[in-house]
$ cat query.cif   # mmCIF, C-alpha atoms, pLDDT in the B column; chains and numbers go by the auth columns
data_query
loop_
_atom_site.group_PDB
_atom_site.id
_atom_site.type_symbol
_atom_site.label_atom_id
_atom_site.label_comp_id
_atom_site.label_asym_id
_atom_site.label_seq_id
_atom_site.Cartn_x
_atom_site.Cartn_y
_atom_site.Cartn_z
_atom_site.B_iso_or_equiv
_atom_site.auth_seq_id
_atom_site.auth_asym_id
ATOM 1 C CA MET A 1 -9.324 -4.676 -25.177 48.00 111 A
ATOM 2 C CA ASN A 2 -11.522 -4.637 -22.098 57.00 112 A
ATOM 3 C CA LYS A 3 -10.746 -2.583 -19.054 84.00 113 A
ATOM 4 C CA LEU A 4 -8.006 -3.708 -16.664 95.00 114 A
ATOM 5 C CA PRO A 5 -8.563 -3.605 -12.894 97.00 115 A
ATOM 6 C CA VAL A 6 -7.269 -1.084 -10.401 98.00 116 A
ATOM 7 C CA ILE A 7 -4.468 -2.962 -8.607 98.00 117 A
ATOM 8 C CA THR A 8 -3.571 -2.257 -4.987 98.00 118 A
ATOM 9 C CA ILE A 9 -0.469 -3.734 -3.402 98.00 119 A
ATOM 10 C CA SER A 10 0.089 -4.213 0.314 97.00 120 A
ATOM 11 C CA ARG A 11 3.443 -5.736 1.176 97.00 121 A
ATOM 12 C CA GLU A 12 5.692 -6.953 3.920 97.00 122 A
ATOM 13 C CA TYR A 13 8.850 -4.905 4.319 96.00 123 A
ATOM 14 C CA GLY A 14 11.658 -6.156 2.086 95.00 124 A
ATOM 15 C CA SER A 15 9.379 -8.353 -0.034 96.00 125 A
ATOM 16 C CA GLY A 16 9.818 -6.239 -3.172 96.00 126 A
ATOM 17 C CA GLY A 17 6.158 -5.282 -3.446 96.00 127 A
ATOM 18 C CA ARG A 18 6.970 -1.843 -4.771 96.00 128 A
ATOM 19 C CA ALA A 19 9.309 -3.204 -7.465 97.00 129 A
ATOM 20 C CA ILE A 20 6.714 -5.808 -8.454 98.00 130 A
ATOM 21 C CA GLY A 21 4.008 -3.156 -8.716 97.00 131 A
ATOM 22 C CA GLU A 22 6.246 -0.889 -10.778 97.00 132 A
ATOM 23 C CA ARG A 23 7.070 -3.726 -13.164 97.00 133 A
ATOM 24 C CA VAL A 24 3.414 -4.734 -13.565 98.00 134 A
ATOM 25 C CA ALA A 25 2.307 -1.143 -14.180 98.00 135 A
ATOM 26 C CA LYS A 26 4.960 -0.739 -16.876 97.00 136 A
ATOM 27 C CA GLU A 27 4.027 -4.002 -18.611 96.00 137 A
ATOM 28 C CA LEU A 28 0.303 -3.252 -18.488 97.00 138 A
ATOM 29 C CA GLY A 29 0.855 0.340 -19.590 97.00 139 A
ATOM 30 C CA VAL A 30 -0.967 1.872 -16.611 97.00 140 A
ATOM 31 C CA PRO A 31 0.074 4.572 -14.088 97.00 141 A
ATOM 32 C CA PHE A 32 1.997 3.594 -10.961 97.00 142 A
ATOM 33 C CA TYR A 33 1.516 5.431 -7.666 97.00 143 A
ATOM 34 C CA ASP A 34 3.541 5.141 -4.477 94.00 144 A
ATOM 35 C CA LYS A 35 5.613 8.082 -3.257 87.00 145 A
ATOM 36 C CA GLN A 36 3.807 10.326 -5.762 88.00 146 A
ATOM 37 C CA LEU A 37 0.859 10.198 -3.344 88.00 147 A
ATOM 38 C CA ILE A 38 2.912 12.206 -0.845 86.00 148 A
ATOM 39 C CA LEU A 39 3.477 14.991 -3.395 85.00 149 A
ATOM 40 C CA MET A 40 -0.218 14.948 -4.345 91.00 150 A
ATOM 41 C CA ALA A 41 -1.265 15.090 -0.687 88.00 151 A
ATOM 42 C CA ALA A 42 1.142 17.986 -0.102 86.00 152 A
ATOM 43 C CA LYS A 43 -0.421 19.959 -2.953 88.00 153 A
ATOM 44 C CA GLU A 44 -3.939 19.118 -1.791 88.00 154 A
ATOM 45 C CA SER A 45 -3.352 19.968 1.873 85.00 155 A
ATOM 46 C CA GLY A 46 -0.799 22.776 1.628 87.00 156 A
ATOM 47 C CA LEU A 47 1.553 20.850 3.929 82.00 157 A
ATOM 48 C CA SER A 48 5.178 20.076 3.091 83.00 158 A
ATOM 49 C CA GLU A 49 6.199 16.704 1.660 86.00 159 A
ATOM 50 C CA GLU A 50 8.620 16.184 4.559 84.00 160 A
ATOM 51 C CA TYR A 51 5.897 16.803 7.114 82.00 161 A
ATOM 52 C CA ILE A 52 3.568 14.344 5.399 83.00 162 A
ATOM 53 C CA LYS A 53 6.317 11.706 5.194 79.00 163 A
ATOM 54 C CA LYS A 54 6.958 12.105 8.900 74.00 164 A
ATOM 55 C CA THR A 55 3.333 11.966 10.024 74.00 165 A
ATOM 56 C CA GLU A 56 1.447 9.797 7.522 64.00 166 A
ATOM 57 C CA GLN A 57 2.200 6.509 9.292 57.00 167 A
ATOM 58 C CA MET A 58 1.891 7.761 12.848 64.00 168 A
ATOM 59 C CA LYS A 59 -1.397 6.713 14.381 56.00 169 A
ATOM 60 C CA SER A 60 -3.326 8.336 17.170 53.00 170 A
ATOM 61 C CA THR A 61 -5.730 6.846 19.691 50.00 171 A
ATOM 62 C CA SER A 62 -9.014 6.461 17.833 50.00 172 A
ATOM 63 C CA PHE A 63 -9.617 7.265 14.169 50.00 173 A
ATOM 64 C CA LEU A 64 -13.351 6.483 14.322 51.00 174 A
ATOM 65 C CA TYR A 65 -13.776 8.585 17.471 48.00 175 A
ATOM 66 C CA GLY A 66 -12.040 11.471 15.745 49.00 176 A
ATOM 67 C CA LEU A 67 -14.367 11.169 12.748 52.00 177 A
ATOM 68 C CA TYR A 68 -17.338 11.177 15.103 50.00 178 A
ATOM 69 C CA MET A 69 -16.113 14.327 16.861 51.00 179 A
ATOM 70 C CA GLY A 70 -15.509 16.188 13.594 52.00 180 A
ATOM 71 C CA ALA A 71 -12.710 16.709 11.078 50.00 181 A
ATOM 72 C CA GLN A 72 -11.460 19.899 12.748 54.00 182 A
ATOM 73 C CA GLN A 73 -10.565 17.837 15.839 65.00 183 A
ATOM 74 C CA LEU A 74 -8.784 15.061 13.947 73.00 184 A
ATOM 75 C CA PRO A 75 -5.044 14.655 14.593 80.00 185 A
ATOM 76 C CA MET A 76 -2.942 15.791 11.625 80.00 186 A
ATOM 77 C CA ASN A 77 -1.970 12.246 10.580 81.00 187 A
ATOM 78 C CA ASP A 78 -5.661 11.324 10.389 85.00 188 A
ATOM 79 C CA GLN A 79 -6.364 14.401 8.287 86.00 189 A
ATOM 80 C CA ILE A 80 -3.519 13.420 5.959 88.00 190 A
ATOM 81 C CA PHE A 81 -5.015 9.930 5.641 90.00 191 A
ATOM 82 C CA LEU A 82 -8.356 11.460 4.604 91.00 192 A
ATOM 83 C CA VAL A 83 -6.614 13.645 2.007 92.00 193 A
ATOM 84 C CA GLN A 84 -4.743 10.647 0.604 93.00 194 A
ATOM 85 C CA SER A 85 -7.964 8.596 0.581 95.00 195 A
ATOM 86 C CA LYS A 86 -9.620 11.272 -1.528 95.00 196 A
ATOM 87 C CA ILE A 87 -6.664 11.259 -3.940 96.00 197 A
ATOM 88 C CA ILE A 88 -6.638 7.433 -4.166 96.00 198 A
ATOM 89 C CA ARG A 89 -10.351 7.366 -5.019 97.00 199 A
ATOM 90 C CA LYS A 90 -9.821 10.047 -7.669 96.00 200 A
ATOM 91 C CA LEU A 91 -6.923 8.142 -9.258 97.00 201 A
ATOM 92 C CA ALA A 92 -8.974 4.930 -9.336 97.00 202 A
ATOM 93 C CA ASP A 93 -11.863 6.808 -10.961 96.00 203 A
ATOM 94 C CA GLU A 94 -9.495 7.964 -13.707 96.00 204 A
ATOM 95 C CA GLY A 95 -8.817 4.383 -14.799 95.00 205 A
ATOM 96 C CA PRO A 96 -6.682 1.273 -14.296 96.00 206 A
ATOM 97 C CA CYS A 97 -3.518 1.870 -12.259 97.00 207 A
ATOM 98 C CA VAL A 98 -1.282 0.305 -9.607 98.00 208 A
ATOM 99 C CA ILE A 99 -1.310 1.830 -6.112 97.00 209 A
ATOM 100 C CA VAL A 100 1.134 0.733 -3.403 97.00 210 A
ATOM 101 C CA GLY A 101 0.333 0.856 0.311 93.00 211 A
ATOM 102 C CA ARG A 102 -1.650 3.477 2.241 92.00 212 A
ATOM 103 C CA CYS A 103 -4.643 1.179 2.832 95.00 213 A
ATOM 104 C CA ALA A 104 -5.627 1.617 -0.830 96.00 214 A
ATOM 105 C CA ASP A 105 -7.216 -1.848 -0.923 96.00 215 A
ATOM 106 C CA TYR A 106 -9.479 -0.922 1.984 96.00 216 A
ATOM 107 C CA ILE A 107 -10.238 2.573 0.690 96.00 217 A
ATOM 108 C CA LEU A 108 -11.303 1.100 -2.680 97.00 218 A
ATOM 109 C CA ARG A 109 -12.920 -2.056 -1.264 95.00 219 A
ATOM 110 C CA GLU A 110 -16.348 -1.329 -2.774 94.00 220 A
ATOM 111 C CA ARG A 111 -15.071 -1.071 -6.356 95.00 221 A
ATOM 112 C CA GLU A 112 -15.941 -3.977 -8.639 94.00 222 A
ATOM 113 C CA ASP A 113 -12.776 -3.415 -10.697 95.00 223 A
ATOM 114 C CA LEU A 114 -10.410 -3.815 -7.717 97.00 224 A
ATOM 115 C CA LEU A 115 -7.653 -6.439 -7.648 97.00 225 A
ATOM 116 C CA SER A 116 -6.078 -6.304 -4.184 97.00 226 A
ATOM 117 C CA VAL A 117 -2.739 -8.035 -3.664 98.00 227 A
ATOM 118 C CA PHE A 118 -0.549 -8.862 -0.674 97.00 228 A
ATOM 119 C CA VAL A 119 3.157 -9.551 -1.309 98.00 229 A
ATOM 120 C CA HIS A 120 4.987 -11.562 1.334 97.00 230 A
ATOM 121 C CA ALA A 121 8.105 -13.685 1.910 97.00 231 A
ATOM 122 C CA PRO A 122 9.888 -15.381 4.833 97.00 232 A
ATOM 123 C CA VAL A 123 11.441 -12.861 7.215 97.00 233 A
ATOM 124 C CA GLU A 124 15.004 -14.145 6.683 96.00 234 A
ATOM 125 C CA PHE A 125 14.607 -13.692 2.913 96.00 235 A
ATOM 126 C CA ARG A 126 13.323 -10.161 3.411 96.00 236 A
ATOM 127 C CA ALA A 127 16.078 -9.286 5.863 95.00 237 A
ATOM 128 C CA GLN A 128 18.686 -10.359 3.318 94.00 238 A
ATOM 129 C CA ARG A 129 16.942 -8.448 0.532 93.00 239 A
ATOM 130 C CA ALA A 130 16.656 -5.308 2.670 92.00 240 A
ATOM 131 C CA HIS A 131 20.393 -5.490 3.273 91.00 241 A
ATOM 132 C CA THR A 132 21.464 -6.152 -0.332 91.00 242 A
ATOM 133 C CA VAL A 133 18.815 -4.290 -2.371 89.00 243 A
ATOM 134 C CA TYR A 134 17.819 -1.440 -0.043 84.00 244 A
ATOM 135 C CA GLU A 135 21.337 -1.258 1.442 83.00 245 A
ATOM 136 C CA LYS A 136 19.926 -1.108 4.960 85.00 246 A
ATOM 137 C CA GLU A 137 22.228 -1.675 7.917 83.00 247 A
ATOM 138 C CA ALA A 138 21.132 -2.860 11.363 83.00 248 A
ATOM 139 C CA GLY A 139 22.619 -4.870 14.201 86.00 249 A
ATOM 140 C CA ASN A 140 19.878 -7.435 13.711 93.00 250 A
ATOM 141 C CA MET A 141 18.262 -7.215 10.263 92.00 251 A
ATOM 142 C CA VAL A 142 15.510 -9.685 11.134 94.00 252 A
ATOM 143 C CA ASP A 143 14.421 -7.534 14.078 95.00 253 A
ATOM 144 C CA PHE A 144 14.679 -4.431 11.881 94.00 254 A
ATOM 145 C CA VAL A 145 12.343 -5.975 9.289 95.00 255 A
ATOM 146 C CA LYS A 146 9.906 -7.174 11.947 95.00 256 A
ATOM 147 C CA LYS A 147 9.699 -3.655 13.389 94.00 257 A
ATOM 148 C CA LYS A 148 8.949 -2.254 9.924 93.00 258 A
ATOM 149 C CA ASP A 149 6.205 -4.858 9.484 95.00 259 A
ATOM 150 C CA LYS A 150 4.759 -4.015 12.884 94.00 260 A
ATOM 151 C CA LYS A 151 4.572 -0.339 11.909 91.00 261 A
ATOM 152 C CA ARG A 152 2.793 -1.158 8.643 92.00 262 A
ATOM 153 C CA ALA A 153 0.382 -3.528 10.376 93.00 263 A
ATOM 154 C CA SER A 154 -0.362 -0.937 13.050 91.00 264 A
ATOM 155 C CA PHE A 155 -1.109 1.720 10.427 90.00 265 A
ATOM 156 C CA TYR A 156 -3.338 -0.580 8.372 93.00 266 A
ATOM 157 C CA ASN A 157 -5.213 -2.064 11.320 91.00 267 A
ATOM 158 C CA TYR A 158 -5.808 1.428 12.703 90.00 268 A
ATOM 159 C CA PHE A 159 -7.323 2.934 9.548 91.00 269 A
ATOM 160 C CA SER A 160 -9.183 -0.147 8.290 90.00 270 A
ATOM 161 C CA GLN A 161 -11.517 -2.747 9.733 88.00 271 A
ATOM 162 C CA ASN A 162 -9.451 -5.570 8.248 90.00 272 A
ATOM 163 C CA LYS A 163 -6.272 -7.217 9.489 93.00 273 A
ATOM 164 C CA TRP A 164 -3.045 -6.463 7.613 95.00 274 A
ATOM 165 C CA GLY A 165 -1.646 -9.561 5.914 93.00 275 A
ATOM 166 C CA ASP A 166 -4.772 -11.694 6.387 94.00 276 A
ATOM 167 C CA ALA A 167 -5.070 -13.417 2.999 91.00 277 A
ATOM 168 C CA ARG A 168 -8.866 -13.559 3.314 92.00 278 A
ATOM 169 C CA HIS A 169 -9.023 -9.802 2.778 93.00 279 A
ATOM 170 C CA TYR A 170 -7.044 -9.825 -0.496 96.00 280 A
ATOM 171 C CA HIS A 171 -7.852 -11.226 -3.924 95.00 281 A
ATOM 172 C CA LEU A 172 -4.331 -12.555 -4.335 96.00 282 A
ATOM 173 C CA ALA A 173 -1.352 -13.264 -2.062 96.00 283 A
ATOM 174 C CA ILE A 174 2.025 -13.633 -3.797 96.00 284 A
ATOM 175 C CA SER A 175 5.319 -14.827 -2.342 96.00 285 A
ATOM 176 C CA SER A 176 8.335 -13.024 -3.779 96.00 286 A
ATOM 177 C CA VAL A 177 10.814 -15.804 -2.961 96.00 287 A
ATOM 178 C CA TYR A 178 11.038 -16.705 -6.668 94.00 288 A
ATOM 179 C CA GLY A 179 11.972 -13.150 -7.554 95.00 289 A
ATOM 180 C CA VAL A 180 10.400 -9.893 -8.694 94.00 290 A
ATOM 181 C CA ASP A 181 10.083 -11.030 -12.324 95.00 291 A
ATOM 182 C CA PHE A 182 8.136 -14.183 -11.430 96.00 292 A
ATOM 183 C CA ALA A 183 5.806 -12.376 -9.015 97.00 293 A
ATOM 184 C CA ALA A 184 5.211 -9.594 -11.562 97.00 294 A
ATOM 185 C CA THR A 185 4.342 -12.185 -14.227 97.00 295 A
ATOM 186 C CA VAL A 186 1.823 -13.866 -11.909 96.00 296 A
ATOM 187 C CA LEU A 187 0.220 -10.521 -11.045 97.00 297 A
ATOM 188 C CA LYS A 188 0.129 -9.404 -14.694 97.00 298 A
ATOM 189 C CA GLN A 189 -1.627 -12.659 -15.675 96.00 299 A
ATOM 190 C CA ALA A 190 -4.103 -12.197 -12.820 95.00 300 A
ATOM 191 C CA ALA A 191 -4.871 -8.647 -13.998 96.00 301 A
ATOM 192 C CA GLU A 192 -5.392 -9.794 -17.576 94.00 302 A
ATOM 193 C CA ALA A 193 -7.605 -12.674 -16.448 92.00 303 A
ATOM 194 C CA PHE A 194 -9.610 -10.448 -14.091 90.00 304 A
ATOM 195 C CA PRO A 195 -13.361 -10.501 -14.855 82.00 305 A
ATOM 196 C CA GLY A 196 -13.836 -7.757 -17.402 60.00 306 A
ATOM 197 C CA GLY A 197 -10.073 -7.410 -17.796 52.00 307 A
ATOM 198 C CA ALA A 198 -7.959 -7.625 -20.956 50.00 308 A
ATOM 199 C CA ARG A 199 -8.227 -10.855 -22.939 40.00 309 A
#

$ encode --input "query.cif" --output "structure tokens"
Amino acid sequence: MNKLPVITISREYGSGGRAIGERVAKELGVPFYDKQLILMAAKESGLSEEYIKKTEQMKSTSFLYGLYMGAQQLPMNDQIFLVQSKIIRKLADEGPCVIVGRCADYILREREDLLSVFVHAPVEFRAQRAHTVYEKEAGNMVDFVKKKDKKRASFYNYFSQNKWGDARHYHLAISSVYGVDFAATVLKQAAEAFPGGAR
């Protein structure tokens, strides 16, 4: 069996991207990383998991300017991003895996064994799913979902030079309207058909 790709999943809120990634990782027999990255970053940085959760998706004014000025002057959320980037590269070097979120597709963009995926669905579908599956409550679920998307887009666009959700920057864009099982099957087939992947 040839080597499978490293799969990164970016996703709209409520689309089920995490569940799809988890299913694909299990079926391919490769590690799955999402919230585990917070624990790894906590160990690497010496910061608490709660602190990292709170700050990892808060952006500051200029990431590139901060890098230019020096790491000691970087805001804490930028430093956490650099720690997580280091961890993501290390995990990818260890072999095929599935990594959800955290700009992993951009961090690993130069790898030849990368399969980057964007999971999306209509906002009404995602609002309903967020309510029933995630058990989220809001006065207006559609607005709630849109705000979550805006936060993810802001984070991604801040730390990368690509635009979040722009299909041109991903190898594959999958709609989850047909369900997690269907989307996971499509992604699994794509991984197995990937150049150099399992045959």

$ residues_around --input "query.cif" --residues "range 213-220 of chain A" --least-positions-apart "2" --cutoff "6 Å" --atoms "all atoms listed in the file" --output "ChimeraX atom specification"
/A:118,211,226,266

$ residues_near_point --input "query.cif" --point "(2.7, -0.7, -1.1)" --cutoff "12 Å" --atoms "all atoms listed in the file" --output "MDAnalysis selection string"
chainID A and resid 117:132 142:145 147 208:215 226:230 259 262 266 274

$ axis_aligned_box --input "query.cif" --around "range 255-274 of chain A" --padding-each-side "4 Å" --output "JSON"
{"center_x": 0.4, "center_y": -2.1, "center_z": 10.5, "size_x": 31.9, "size_y": 18.2, "size_z": 13.8}

$ resolve_selection --input "query.cif" --expression "the PyMOL selection byres ((chain A and resi 235-248) around 10)" --output "ChimeraX atom specification"
/A:122-126,230-234,249-256,286-287

$ closest_residue --input "query.cif" --among "A:Leu225, A:Ala135, A:Leu149, A:Ala300" --to "Ile190 in chain A" --atoms "all atoms listed in the file"
A:Leu149

$ atom_distance --input "query.cif" --atom1 "CA of Cys207 in chain A" --atom2 "CA of Val116 in chain A"
5.1 Å

$ resolve_selection --input "query.cif" --expression "the PyMOL selection byres ((chain A and resi 299) around 12)" --output "PyMOL selection string"
chain A and resi 114-115+134+137-138+225+282+292-298+300-305+307-309

$ atom_distance --input "query.cif" --atom1 "CA of Gly139 in chain A" --atom2 "CA of Gly205 in chain A"
11.5 Å

$ atom_distance --input "query.cif" --atom1 "CA of Ile198 in chain A" --atom2 "CA of Met150 in chain A"
9.9 Å

$ resolve_selection --input "query.cif" --expression "the PyMOL selection byres ((chain A and resi 267) around 12)" --output "list of chain:residue names"
A:Gln167, A:Lys169, A:Ser172, A:Phe173, A:Arg212, A:Cys213, A:Tyr216, A:Asp259, A:Lys260, A:Lys261, A:Arg262, A:Ala263, A:Ser264, A:Phe265, A:Tyr266, A:Tyr268, A:Phe269, A:Ser270, A:Gln271, A:Asn272, A:Lys273, A:Trp274, A:Gly275, A:Asp276
